[in-house]
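The file work.pdb contains PDB, C-alpha atoms:
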```pdb
ATOM      1  CA  MET U   1      -3.103  -9.696 -32.970
ATOM      2  CA  LEU U   2      -4.398  -7.147 -30.512
ATOM      3  CA  PHE U   3      -5.544  -8.221 -27.100
ATOM      4  CA  TRP U   4      -7.028  -6.019 -24.430
ATOM      5  CA  PRO U   5      -7.722  -7.607 -21.039
ATOM      6  CA  ARG U   6     -10.950  -6.801 -19.277
ATOM      7  CA  GLY U   7     -10.748  -5.542 -15.711
ATOM      8  CA  SER U   8      -8.297  -5.829 -12.866
ATOM      9  CA  GLY U   9      -6.616  -9.093 -12.033
ATOM     10  CA  PRO U  10      -4.314 -11.671 -13.585
ATOM     11  CA  HIS U  11      -4.429 -12.305 -17.326
ATOM     12  CA  ALA U  12      -2.699 -14.724 -19.691
ATOM     13  CA  VAL U  13      -2.323 -15.354 -23.384
ATOM     14  CA  LEU U  14      -0.981 -18.533 -24.979
ATOM     15  CA  ALA U  15       1.168 -18.100 -28.094
ATOM     16  CA  ALA U  16       2.360 -20.898 -30.382
ATOM     17  CA  ALA U  17       4.287 -20.862 -33.631
ATOM     18  CA  CYS U  18       2.461 -21.918 -36.774
ATOM     19  CA  ASP U  19       4.126 -22.666 -40.130
ATOM     20  CA  ASP U  20       2.758 -22.097 -43.666
ATOM     21  CA  SER U  21       1.241 -25.599 -43.769
ATOM     22  CA  GLY U  22      -0.749 -24.920 -40.577
ATOM     23  CA  SER U  23       1.328 -27.081 -38.249
ATOM     24  CA  VAL U  24       1.334 -25.705 -34.727
ATOM     25  CA  GLY U  25       4.486 -25.843 -32.607
ATOM     26  CA  VAL U  26       4.550 -28.224 -29.673
ATOM     27  CA  SER U  27       6.026 -25.724 -27.200
ATOM     28  CA  PRO U  28       3.619 -22.833 -26.804
ATOM     29  CA  THR U  29       4.580 -19.921 -24.579
ATOM     30  CA  VAL U  30       2.310 -18.417 -21.947
ATOM     31  CA  PHE U  31       2.542 -14.710 -21.180
ATOM     32  CA  TRP U  32       1.153 -13.696 -17.783
ATOM     33  CA  TRP U  33       0.501 -10.189 -16.494
ATOM     34  CA  ARG U  34      -1.636  -8.404 -13.970
ATOM     35  CA  VAL U  35      -3.833  -5.356 -14.539
ATOM     36  CA  ASP U  36      -4.230  -3.100 -11.509
ATOM     37  CA  THR U  37      -6.839  -0.368 -11.839
ATOM     38  CA  ALA U  38      -7.769   0.129  -8.184
ATOM     39  CA  PRO U  39      -5.977   1.983  -5.397
ATOM     40  CA  PRO U  40      -5.149   0.129  -2.181
ATOM     41  CA  ALA U  41      -7.024   0.675   1.074
ATOM     42  CA  VAL U  42      -5.179   1.272   4.337
ATOM     43  CA  ALA U  43      -6.078   0.725   7.989
ATOM     44  CA  ILE U  44      -4.572   1.275  11.421
ATOM     45  CA  LEU U  45      -5.083  -2.003  13.302
ATOM     46  CA  SER U  46      -3.651  -0.868  16.642
ATOM     47  CA  ALA U  47      -2.481   2.453  18.041
ATOM     48  CA  PRO U  48      -1.491   4.071  21.345
ATOM     49  CA  ALA U  49      -4.160   4.686  23.969
ATOM     50  CA  ALA U  50      -6.018   7.986  23.592
ATOM     51  CA  SER U  51      -3.994   9.350  26.517
ATOM     52  CA  THR U  52      -0.498   8.125  27.380
ATOM     53  CA  THR U  53       2.667   9.239  29.165
ATOM     54  CA  SER U  54       4.914   7.344  26.739
ATOM     55  CA  PRO U  55       7.138   9.273  24.308
ATOM     56  CA  VAL U  56       6.953   6.246  21.971
ATOM     57  CA  ALA U  57       3.946   5.384  19.789
ATOM     58  CA  THR U  58       3.621   2.017  18.047
ATOM     59  CA  PHE U  59       1.107   1.351  15.278
ATOM     60  CA  ALA U  60       0.101  -1.836  13.461
ATOM     61  CA  LEU U  61      -0.825  -0.988   9.866
ATOM     62  CA  LYS U  62      -2.430  -2.890   6.994
ATOM     63  CA  ALA U  63      -2.684  -2.204   3.269
ATOM     64  CA  SER U  64      -5.146  -4.145   1.128
ATOM     65  CA  GLU U  65      -2.469  -4.877  -1.492
ATOM     66  CA  ARG U  66       0.500  -6.908  -0.271
ATOM     67  CA  ASP U  67       3.265  -5.016  -2.108
ATOM     68  CA  SER U  68       2.055  -1.531  -1.216
ATOM     69  CA  VAL U  69       4.383   1.001   0.391
ATOM     70  CA  LEU U  70       2.927   2.604   3.504
ATOM     71  CA  GLN U  71       3.579   6.308   4.054
ATOM     72  CA  TYR U  72       2.770   8.591   6.968
ATOM     73  CA  LYS U  73       2.541  12.211   8.066
ATOM     74  CA  LEU U  74       2.841  13.142  11.721
ATOM     75  CA  ASP U  75       1.281  16.271  13.210
ATOM     76  CA  GLY U  76       0.557  18.058   9.938
ATOM     77  CA  ALA U  77       3.938  17.483   8.261
ATOM     78  CA  SER U  78       3.995  18.813   4.707
ATOM     79  CA  SER U  79       5.477  15.718   3.070
ATOM     80  CA  TRP U  80       4.932  11.960   3.332
ATOM     81  CA  SER U  81       7.581   9.653   4.830
ATOM     82  CA  ALA U  82       7.892   5.937   4.132
ATOM     83  CA  CYS U  83       7.046   3.713   7.095
ATOM     84  CA  SER U  84      10.100   1.590   6.223
ATOM     85  CA  SER U  85      10.214  -0.979   3.469
ATOM     86  CA  LYS U  86       7.646  -2.331   1.022
ATOM     87  CA  GLY U  87       5.089  -4.419   2.832
ATOM     88  CA  ALA U  88       5.916  -2.921   6.249
ATOM     89  CA  ASP U  89       3.155  -3.534   8.738
ATOM     90  CA  SER U  90       4.251  -1.500  11.743
ATOM     91  CA  LEU U  91       5.481   1.957  12.599
ATOM     92  CA  VAL U  92       7.265   3.093  15.755
ATOM     93  CA  ILE U  93       7.599   6.818  16.425
ATOM     94  CA  SER U  94       9.814   7.939  19.296
ATOM     95  CA  ASP U  95      10.759  11.188  21.038
ATOM     96  CA  LEU U  96       7.197  12.484  20.990
ATOM     97  CA  GLY U  97       6.602  15.678  22.899
ATOM     98  CA  VAL U  98       3.834  16.303  25.403
ATOM     99  CA  GLY U  99       0.578  17.297  23.709
ATOM    100  CA  PRO U 100      -1.831  16.086  21.021
ATOM    101  CA  HIS U 101      -0.598  14.085  18.046
ATOM    102  CA  VAL U 102      -2.168  13.062  14.727
ATOM    103  CA  LEU U 103      -0.833  10.326  12.449
ATOM    104  CA  ARG U 104      -2.139  10.015   8.881
ATOM    105  CA  VAL U 105      -1.285   6.912   6.844
ATOM    106  CA  ARG U 106      -1.754   6.077   3.156
ATOM    107  CA  ALA U 107      -0.730   3.219   0.866
ATOM    108  CA  VAL U 108       0.845   3.412  -2.592
ATOM    109  CA  ASP U 109       0.678   0.253  -4.706
ATOM    110  CA  ALA U 110       3.077  -1.031  -7.374
ATOM    111  CA  ALA U 111       1.075   0.764 -10.082
ATOM    112  CA  ALA U 112       1.497   4.075  -8.165
ATOM    113  CA  HIS U 113      -2.172   4.192  -7.134
ATOM    114  CA  ILE U 114      -2.613   6.086  -3.849
ATOM    115  CA  SER U 115      -5.249   5.259  -1.229
ATOM    116  CA  LEU U 116      -8.436   7.230  -1.768
ATOM    117  CA  GLU U 117      -8.881   7.577   1.991
ATOM    118  CA  GLU U 118      -6.179   7.942   4.616
ATOM    119  CA  ALA U 119      -6.242   6.152   7.957
ATOM    120  CA  GLU U 120      -5.873   8.456  10.946
ATOM    121  CA  GLY U 121      -4.806   7.954  14.553
ATOM    122  CA  ARG U 122      -5.123  10.576  17.303
ATOM    123  CA  TRP U 123      -3.699  10.484  20.813
ATOM    124  CA  VAL U 124      -2.339  12.789  23.518
ATOM    125  CA  ARG U 125       0.933  12.438  25.358
ATOM    126  CA  VAL U 126       0.448  13.729  28.861
ATOM    127  CA  PRO U 127       3.220  14.606  31.323
ATOM    128  CA  VAL U 128       4.204  12.045  33.920
ATOM    129  CA  ALA U 129       2.479  12.979  37.188
TER     130      ALA U 129
END
```
What do you get writing this file as structure tokens?
Amino acid sequence: MLFWPRGSGPHAVLAAACDDSGSVGVSPTVFWWRVDTAPPAVAILSAPAASTTSPVATFALKASERDSVLQYKLDGASSWSACSSKGADSLVISDLGVGPHVLRVRAVDAAAHISLEEAEGRWVRVPVA
């Protein structure tokens, strides 16, 4: 038997043994799986003020798929860094220098789909007066 599920989401098939006389077993087995064809979305829910004296920036982040890994780039870095663990919802960056900063965030889901659009936060650390 060939079975091809239609679309994203959970799917199941029930399988039961059948003998030559057509008797069906009393203990069928259910096979469950999930098809994921869409990339996750990502958002920055909170960020530092547009202008701050603090060398620490804290962000609240959200991916549309619960088990996504959030990744970030700070100030044009060439490679992505993991925010921490799978499902992380915050990021704290410390030791920021004076000047403008840009944080870009993306999500990668369990099927290795990457966000089509990145979330971006911009702020400036100003010197203490």
Given the file shown, enumerate the residues that the PyMOL selection byres ((chain U and resi 96) around 12) captures and present them as a PDB file with C-alpha atoms, in the frame of the given file.
```pdb
ATOM      1  CA  THR U  52      -0.498   8.125  27.380  1.00  0.00           C
ATOM      2  CA  THR U  53       2.667   9.239  29.165  1.00  0.00           C
ATOM      3  CA  SER U  54       4.914   7.344  26.739  1.00  0.00           C
ATOM      4  CA  PRO U  55       7.138   9.273  24.308  1.00  0.00           C
ATOM      5  CA  VAL U  56       6.953   6.246  21.971  1.00  0.00           C
ATOM      6  CA  ALA U  57       3.946   5.384  19.789  1.00  0.00           C
ATOM      7  CA  THR U  58       3.621   2.017  18.047  1.00  0.00           C
ATOM      8  CA  LEU U  74       2.841  13.142  11.721  1.00  0.00           C
ATOM      9  CA  ASP U  75       1.281  16.271  13.210  1.00  0.00           C
ATOM     10  CA  VAL U  92       7.265   3.093  15.755  1.00  0.00           C
ATOM     11  CA  ILE U  93       7.599   6.818  16.425  1.00  0.00           C
ATOM     12  CA  SER U  94       9.814   7.939  19.296  1.00  0.00           C
ATOM     13  CA  ASP U  95      10.759  11.188  21.038  1.00  0.00           C
ATOM     14  CA  GLY U  97       6.602  15.678  22.899  1.00  0.00           C
ATOM     15  CA  VAL U  98       3.834  16.303  25.403  1.00  0.00           C
ATOM     16  CA  GLY U  99       0.578  17.297  23.709  1.00  0.00           C
ATOM     17  CA  PRO U 100      -1.831  16.086  21.021  1.00  0.00           C
ATOM     18  CA  HIS U 101      -0.598  14.085  18.046  1.00  0.00           C
ATOM     19  CA  VAL U 102      -2.168  13.062  14.727  1.00  0.00           C
ATOM     20  CA  LEU U 103      -0.833  10.326  12.449  1.00  0.00           C
ATOM     21  CA  TRP U 123      -3.699  10.484  20.813  1.00  0.00           C
ATOM     22  CA  VAL U 124      -2.339  12.789  23.518  1.00  0.00           C
ATOM     23  CA  ARG U 125       0.933  12.438  25.358  1.00  0.00           C
ATOM     24  CA  VAL U 126       0.448  13.729  28.861  1.00  0.00           C
ATOM     25  CA  PRO U 127       3.220  14.606  31.323  1.00  0.00           C
TER      26      PRO U 127
END
```
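Take CA of Tyr72 in chain U and CA of His113 in chain U: the distance between them is 15.6 Å.
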Can you translate the PyMOL selection byres ((chain U and resi 64) around 12) into the concrete residues it hits in this file, as JSON, numbers by chain? {"U": [38, 39, 40, 41, 42, 43, 44, 61, 62, 63, 65, 66, 67, 68, 69, 70, 87, 89, 106, 107, 108, 109, 114, 115]}
Answer key for the PyMOL selection byres ((chain U and resi 120) around 6), residues as a ChimeraX atom specification: /U:103-104,119,121
Exercise: Pro28 in chain U partners within 12 Å, all atoms listed in the file, chain neighbours under 4 positions left out, as a list in words: Val13, Leu14, Ala15, Ala16, Ala17, Cys18 and Val24 of chain U
Counting all atoms listed in the file, the residue of U:Ala60, U:Ser46, U:Val105, U:Pro10 that sits nearest Ala82 in chain U: U:Val105
Å distance separating CA of Pro48 in chain U from CA of Arg122 in chain U, one decimal place: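 Going from CA of Pro48 in chain U over to CA of Arg122 in chain U, I get 8.5 Å.
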For a test of reading the model, state the distance in Å between CA of Gln71 in chain U and CA of Cys83 in chain U, rounded to one decimal.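 That distance, rounded to one decimal, is 5.3 Å.
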Have range 106-117 of chain U completed to all heavy atoms, please, and pass it along as a tab-separated table (two decimals), in the coordinates of the input.
```tsv
chain	number	residue	atom	x	y	z
U	106	ARG	N	-1.21	6.44	4.46
U	106	ARG	CA	-1.75	6.08	3.16
U	106	ARG	C	-0.91	4.95	2.58
U	106	ARG	O	0.19	4.67	3.05
U	106	ARG	CB	-1.77	7.27	2.20
U	106	ARG	CG	-0.41	7.70	1.71
U	106	ARG	CD	-0.51	8.88	0.77
U	106	ARG	NE	0.80	9.21	0.19
U	106	ARG	CZ	0.99	10.21	-0.65
U	106	ARG	NH1	-0.01	10.99	-1.01
U	106	ARG	NH2	2.20	10.43	-1.14
U	107	ALA	N	-1.44	4.30	1.55
U	107	ALA	CA	-0.73	3.22	0.87
U	107	ALA	C	-0.57	3.59	-0.60
U	107	ALA	O	-1.46	4.20	-1.20
U	107	ALA	CB	-1.49	1.90	1.00
U	108	VAL	N	0.57	3.22	-1.17
U	108	VAL	CA	0.84	3.41	-2.59
U	108	VAL	C	1.20	2.05	-3.16
U	108	VAL	O	2.14	1.40	-2.69
U	108	VAL	CB	2.00	4.41	-2.82
U	108	VAL	CG1	2.25	4.62	-4.30
U	108	VAL	CG2	1.72	5.74	-2.12
U	109	ASP	N	0.43	1.59	-4.17
U	109	ASP	CA	0.68	0.25	-4.71
U	109	ASP	C	1.73	0.28	-5.82
U	109	ASP	O	2.25	1.33	-6.18
U	109	ASP	CB	-0.62	-0.43	-5.14
U	109	ASP	CG	-1.27	0.20	-6.36
U	109	ASP	OD1	-0.64	1.01	-7.07
U	109	ASP	OD2	-2.45	-0.14	-6.62
U	110	ALA	N	2.03	-0.89	-6.35
U	110	ALA	CA	3.08	-1.03	-7.37
U	110	ALA	C	2.76	-0.27	-8.66
U	110	ALA	O	3.65	0.08	-9.42
U	110	ALA	CB	3.30	-2.51	-7.68
U	111	ALA	N	1.49	0.01	-8.90
U	111	ALA	CA	1.08	0.76	-10.08
U	111	ALA	C	1.00	2.26	-9.78
U	111	ALA	O	0.48	3.03	-10.59
U	111	ALA	CB	-0.27	0.25	-10.60
U	112	ALA	N	1.48	2.67	-8.61
U	112	ALA	CA	1.50	4.08	-8.16
U	112	ALA	C	0.11	4.62	-7.84
U	112	ALA	O	-0.07	5.83	-7.78
U	112	ALA	CB	2.22	4.97	-9.16
U	113	HIS	N	-0.86	3.74	-7.61
U	113	HIS	CA	-2.17	4.19	-7.13
U	113	HIS	C	-2.05	4.52	-5.65
U	113	HIS	O	-1.45	3.77	-4.89
U	113	HIS	CB	-3.24	3.11	-7.31
U	113	HIS	CG	-3.45	2.71	-8.72
U	113	HIS	ND1	-3.36	1.41	-9.14
U	113	HIS	CD2	-3.74	3.44	-9.82
U	113	HIS	CE1	-3.60	1.35	-10.43
U	113	HIS	NE2	-3.83	2.57	-10.87
U	114	ILE	N	-2.66	5.63	-5.23
U	114	ILE	CA	-2.61	6.09	-3.85
U	114	ILE	C	-3.99	5.88	-3.21
U	114	ILE	O	-5.02	6.11	-3.85
U	114	ILE	CB	-2.21	7.57	-3.79
U	114	ILE	CG1	-0.81	7.76	-4.38
U	114	ILE	CG2	-2.26	8.09	-2.35
U	114	ILE	CD1	-0.39	9.20	-4.55
U	115	SER	N	-4.00	5.45	-1.97
U	115	SER	CA	-5.25	5.26	-1.23
U	115	SER	C	-6.18	6.44	-1.42
U	115	SER	O	-5.76	7.60	-1.33
U	115	SER	CB	-4.98	5.13	0.27
U	115	SER	OG	-4.10	4.09	0.55
U	116	LEU	N	-7.46	6.15	-1.65
U	116	LEU	CA	-8.44	7.23	-1.77
U	116	LEU	C	-8.73	7.86	-0.42
U	116	LEU	O	-9.01	9.05	-0.34
U	116	LEU	CB	-9.73	6.69	-2.38
U	116	LEU	CG	-9.63	6.17	-3.81
U	116	LEU	CD1	-10.96	5.60	-4.27
U	116	LEU	CD2	-9.15	7.27	-4.74
U	117	GLU	N	-8.67	7.07	0.64
U	117	GLU	CA	-8.88	7.58	1.99
U	117	GLU	C	-7.68	7.23	2.85
U	117	GLU	O	-7.12	6.15	2.73
U	117	GLU	CB	-10.14	6.97	2.60
U	117	GLU	CG	-11.41	7.38	1.88
U	117	GLU	CD	-12.65	6.82	2.55
U	117	GLU	OE1	-12.59	6.44	3.73
U	117	GLU	OE2	-13.68	6.77	1.86
```
